[in-house]
Amino acid sequence: MPADNPFAPPTATTNASAGAGAFHVDGELLVIDVSGPPLPDRCVKCNAPSTVRHTRQVQWNPRWVPLTIIVCWPVYIGTMLATRKTAKIDVGLCAEHEQQRRTYQLIGGGLLVAGLVAMVGGMTVEELVVAMVGFVLLIGGAIAIRPSIVLRPVLIDGEVGRYKGASPEFLRSLEP
């Protein structure tokens with residue numbers, strides 16, 4: 001696109017120290033080296049200039065690993081620890097998306113704590129209804145906190161991680 005096009009989406013400036021091939025786009029997925037090079041100083045959710053940076057270590061397990069809990073929880077824990085892959089990501093968010101992320105974390109975290117308290121309290125005084133409400137709150141908290149995850153790993157292998165959650169505008173700004 002011509003540089004003087006006022007309707008062109010903003011493009012990201014890359015960090016020269018990140019090196020060539022440190023991150024790229026593969027369809028709807030953002031592919032980042034596991035070493036965690038910083039992404040451009042743009043919000044990954046809307047491609048606006050970022051105001052906050054988040055550096056996180058993310059983990060990924062194959063989809064079949066949660067099924068091992070059917071056998072027993074020690075097998076699940078052992079399998080999860082043996083098969084997990086980790087990567088470091090450094091992403092930016094604008095003020096609006098950072099506020100949304102914090103709101104989801106507060107609501108989800110509050111529901112998780114309330115659910116845990118209600119479950120333990122209900123079991124302590126042998127009130128099944130209170131324990132069941134606590135269980136429902138616990139599940140609700142787990143669901144409510146999920147949108148606070150900025151980028152979700154789809155696959156992490158030995159060299160790169162593939163992530164969902166970046167906006168199409170941000171992904172287009174990374175394309176050469």
# chains A, B, ... in the order shown; residues from 1 in each chain; ligands from 1

$ residues_around --residues "Leu81 (chain A)" --least-positions-apart "3" --cutoff "12 Å" --atoms "only C-alpha atoms" --output "mmCIF file with N, CA and C atoms, in the first residue's frame"
data_model
loop_
_atom_site.group_PDB
_atom_site.id
_atom_site.type_symbol
_atom_site.label_atom_id
_atom_site.label_comp_id
_atom_site.auth_asym_id
_atom_site.auth_seq_id
_atom_site.Cartn_x
_atom_site.Cartn_y
_atom_site.Cartn_z
ATOM 1 N N GLN A 59 2.460 -22.268 29.122
ATOM 2 C CA GLN A 59 2.652 -23.711 29.033
ATOM 3 C C GLN A 59 1.615 -24.301 28.100
ATOM 4 N N TRP A 60 2.000 -25.387 27.459
ATOM 5 C CA TRP A 60 1.104 -26.104 26.566
ATOM 6 C C TRP A 60 1.274 -27.590 26.799
ATOM 7 N N ASN A 61 0.133 -28.295 26.798
ATOM 8 C CA ASN A 61 0.122 -29.751 26.864
ATOM 9 C C ASN A 61 -0.700 -30.290 25.708
ATOM 10 N N PRO A 62 -0.407 -31.500 25.250
ATOM 11 C CA PRO A 62 -1.263 -32.104 24.227
ATOM 12 C C PRO A 62 -2.708 -32.217 24.735
ATOM 13 N N VAL A 65 -3.956 -35.025 27.345
ATOM 14 C CA VAL A 65 -3.448 -35.104 28.717
ATOM 15 C C VAL A 65 -4.568 -34.991 29.765
ATOM 16 N N PRO A 66 -5.548 -34.075 29.641
ATOM 17 C CA PRO A 66 -6.607 -34.038 30.660
ATOM 18 C C PRO A 66 -7.408 -35.338 30.773
ATOM 19 N N PRO A 74 -2.808 -38.632 40.257
ATOM 20 C CA PRO A 74 -1.337 -38.664 40.171
ATOM 21 C C PRO A 74 -0.835 -38.962 38.754
ATOM 22 N N VAL A 75 -1.565 -39.801 38.014
ATOM 23 C CA VAL A 75 -1.183 -40.077 36.626
ATOM 24 C C VAL A 75 -1.329 -38.804 35.807
ATOM 25 N N TYR A 76 -2.421 -38.064 36.038
ATOM 26 C CA TYR A 76 -2.637 -36.799 35.332
ATOM 27 C C TYR A 76 -1.502 -35.813 35.617
ATOM 28 N N ILE A 77 -1.163 -35.626 36.879
ATOM 29 C CA ILE A 77 -0.089 -34.688 37.256
ATOM 30 C C ILE A 77 1.231 -35.110 36.625
ATOM 31 N N GLY A 78 1.560 -36.397 36.715
ATOM 32 C CA GLY A 78 2.812 -36.884 36.134
ATOM 33 C C GLY A 78 2.854 -36.712 34.621
ATOM 34 N N ARG A 84 4.557 -31.308 29.169
ATOM 35 C CA ARG A 84 4.361 -29.867 28.972
ATOM 36 C C ARG A 84 5.540 -29.226 28.253
ATOM 37 N N LYS A 85 5.213 -28.228 27.472
ATOM 38 C CA LYS A 85 6.211 -27.410 26.775
ATOM 39 C C LYS A 85 5.983 -25.980 27.222
ATOM 40 N N THR A 86 7.061 -25.239 27.398
ATOM 41 C CA THR A 86 6.939 -23.856 27.850
ATOM 42 C C THR A 86 7.602 -22.917 26.855
#

$ select_by_dssp --residues "chain A" --states "strand (DSSP E or B)" --output "PyMOL selection string"
chain A and resi 23-26+29-33+38-43+49+52-60+85-93+152-156+160-164

$ write_last_selection --atoms "C-alpha atoms" --output "mmCIF file, in the first residue's frame"
data_model
loop_
_atom_site.group_PDB
_atom_site.id
_atom_site.type_symbol
_atom_site.label_atom_id
_atom_site.label_comp_id
_atom_site.auth_asym_id
_atom_site.auth_seq_id
_atom_site.Cartn_x
_atom_site.Cartn_y
_atom_site.Cartn_z
ATOM 1 C CA PHE A 23 7.897 -14.056 14.865
ATOM 2 C CA HIS A 24 5.630 -14.361 11.869
ATOM 3 C CA VAL A 25 2.044 -15.080 10.865
ATOM 4 C CA ASP A 26 0.703 -18.492 9.850
ATOM 5 C CA LEU A 29 -1.948 -17.953 14.242
ATOM 6 C CA LEU A 30 0.902 -15.859 15.578
ATOM 7 C CA VAL A 31 4.148 -17.861 15.539
ATOM 8 C CA ILE A 32 6.820 -16.744 18.045
ATOM 9 C CA ASP A 33 10.225 -18.224 18.900
ATOM 10 C CA PRO A 38 9.407 -8.841 22.186
ATOM 11 C CA LEU A 39 6.592 -8.272 19.745
ATOM 12 C CA PRO A 40 6.150 -4.824 18.206
ATOM 13 C CA ASP A 41 4.957 -2.088 20.544
ATOM 14 C CA ARG A 42 1.323 -2.517 19.414
ATOM 15 C CA CYS A 43 -1.755 -3.944 21.137
ATOM 16 C CA PRO A 49 -0.129 1.661 20.240
ATOM 17 C CA VAL A 52 1.422 -1.873 28.856
ATOM 18 C CA ARG A 53 3.793 -4.783 28.179
ATOM 19 C CA HIS A 54 3.303 -8.297 29.572
ATOM 20 C CA THR A 55 6.074 -10.855 29.706
ATOM 21 C CA ARG A 56 4.721 -14.284 30.574
ATOM 22 C CA GLN A 57 5.862 -17.860 30.554
ATOM 23 C CA VAL A 58 3.119 -19.949 28.967
ATOM 24 C CA GLN A 59 2.652 -23.711 29.033
ATOM 25 C CA TRP A 60 1.104 -26.104 26.566
ATOM 26 C CA LYS A 85 6.211 -27.410 26.775
ATOM 27 C CA THR A 86 6.939 -23.856 27.850
ATOM 28 C CA ALA A 87 7.686 -20.638 26.035
ATOM 29 C CA LYS A 88 8.145 -17.005 26.933
ATOM 30 C CA ILE A 89 5.999 -14.308 25.314
ATOM 31 C CA ASP A 90 6.299 -10.523 25.518
ATOM 32 C CA VAL A 91 3.176 -8.746 24.239
ATOM 33 C CA GLY A 92 1.706 -5.268 24.388
ATOM 34 C CA LEU A 93 -1.835 -4.145 25.211
ATOM 35 C CA ARG A 152 -3.566 -18.841 24.042
ATOM 36 C CA PRO A 153 -0.966 -21.403 22.981
ATOM 37 C CA VAL A 154 -2.194 -23.823 20.311
ATOM 38 C CA LEU A 155 1.105 -25.662 19.993
ATOM 39 C CA ILE A 156 4.576 -25.238 21.428
ATOM 40 C CA VAL A 160 8.388 -21.993 18.138
ATOM 41 C CA GLY A 161 5.021 -21.459 19.761
ATOM 42 C CA ARG A 162 1.773 -20.940 17.846
ATOM 43 C CA TYR A 163 -0.812 -18.695 19.498
ATOM 44 C CA LYS A 164 -4.452 -17.744 19.014
#

$ residues_around --residues "Leu116 (chain A)" --least-positions-apart "3" --cutoff "9 Å" --atoms "only C-alpha atoms" --output "mmCIF file with C-alpha atoms, in the first residue's frame"
data_model
loop_
_atom_site.group_PDB
_atom_site.id
_atom_site.type_symbol
_atom_site.label_atom_id
_atom_site.label_comp_id
_atom_site.auth_asym_id
_atom_site.auth_seq_id
_atom_site.Cartn_x
_atom_site.Cartn_y
_atom_site.Cartn_z
ATOM 1 C CA LEU A 111 -15.795 -16.124 41.806
ATOM 2 C CA LEU A 112 -13.025 -18.698 42.323
ATOM 3 C CA VAL A 113 -12.409 -17.536 45.908
ATOM 4 C CA MET A 119 -17.585 -25.379 48.937
ATOM 5 C CA VAL A 120 -15.398 -25.746 52.018
ATOM 6 C CA GLY A 121 -17.981 -24.052 54.234
ATOM 7 C CA ALA A 131 -21.339 -26.857 48.634
ATOM 8 C CA GLY A 134 -19.728 -23.198 45.696
ATOM 9 C CA PHE A 135 -18.966 -25.724 42.976
ATOM 10 C CA LEU A 137 -19.225 -20.523 41.489
ATOM 11 C CA LEU A 138 -15.889 -22.291 41.079
#

$ select_by_dssp --residues "region 1-174 of chain A" --states "helix (DSSP H, G or I)" --output "PyMOL selection string"
chain A and resi 16-18+65-70+73-83+95-124+128-148+168-174

$ residues_around --residues "region 95-106 of chain A" --least-positions-apart "6" --cutoff "9 Å" --atoms "only C-alpha atoms" --output "VMD selection string"
chain A and resid 43 45 to 46 50 to 52 144 to 150
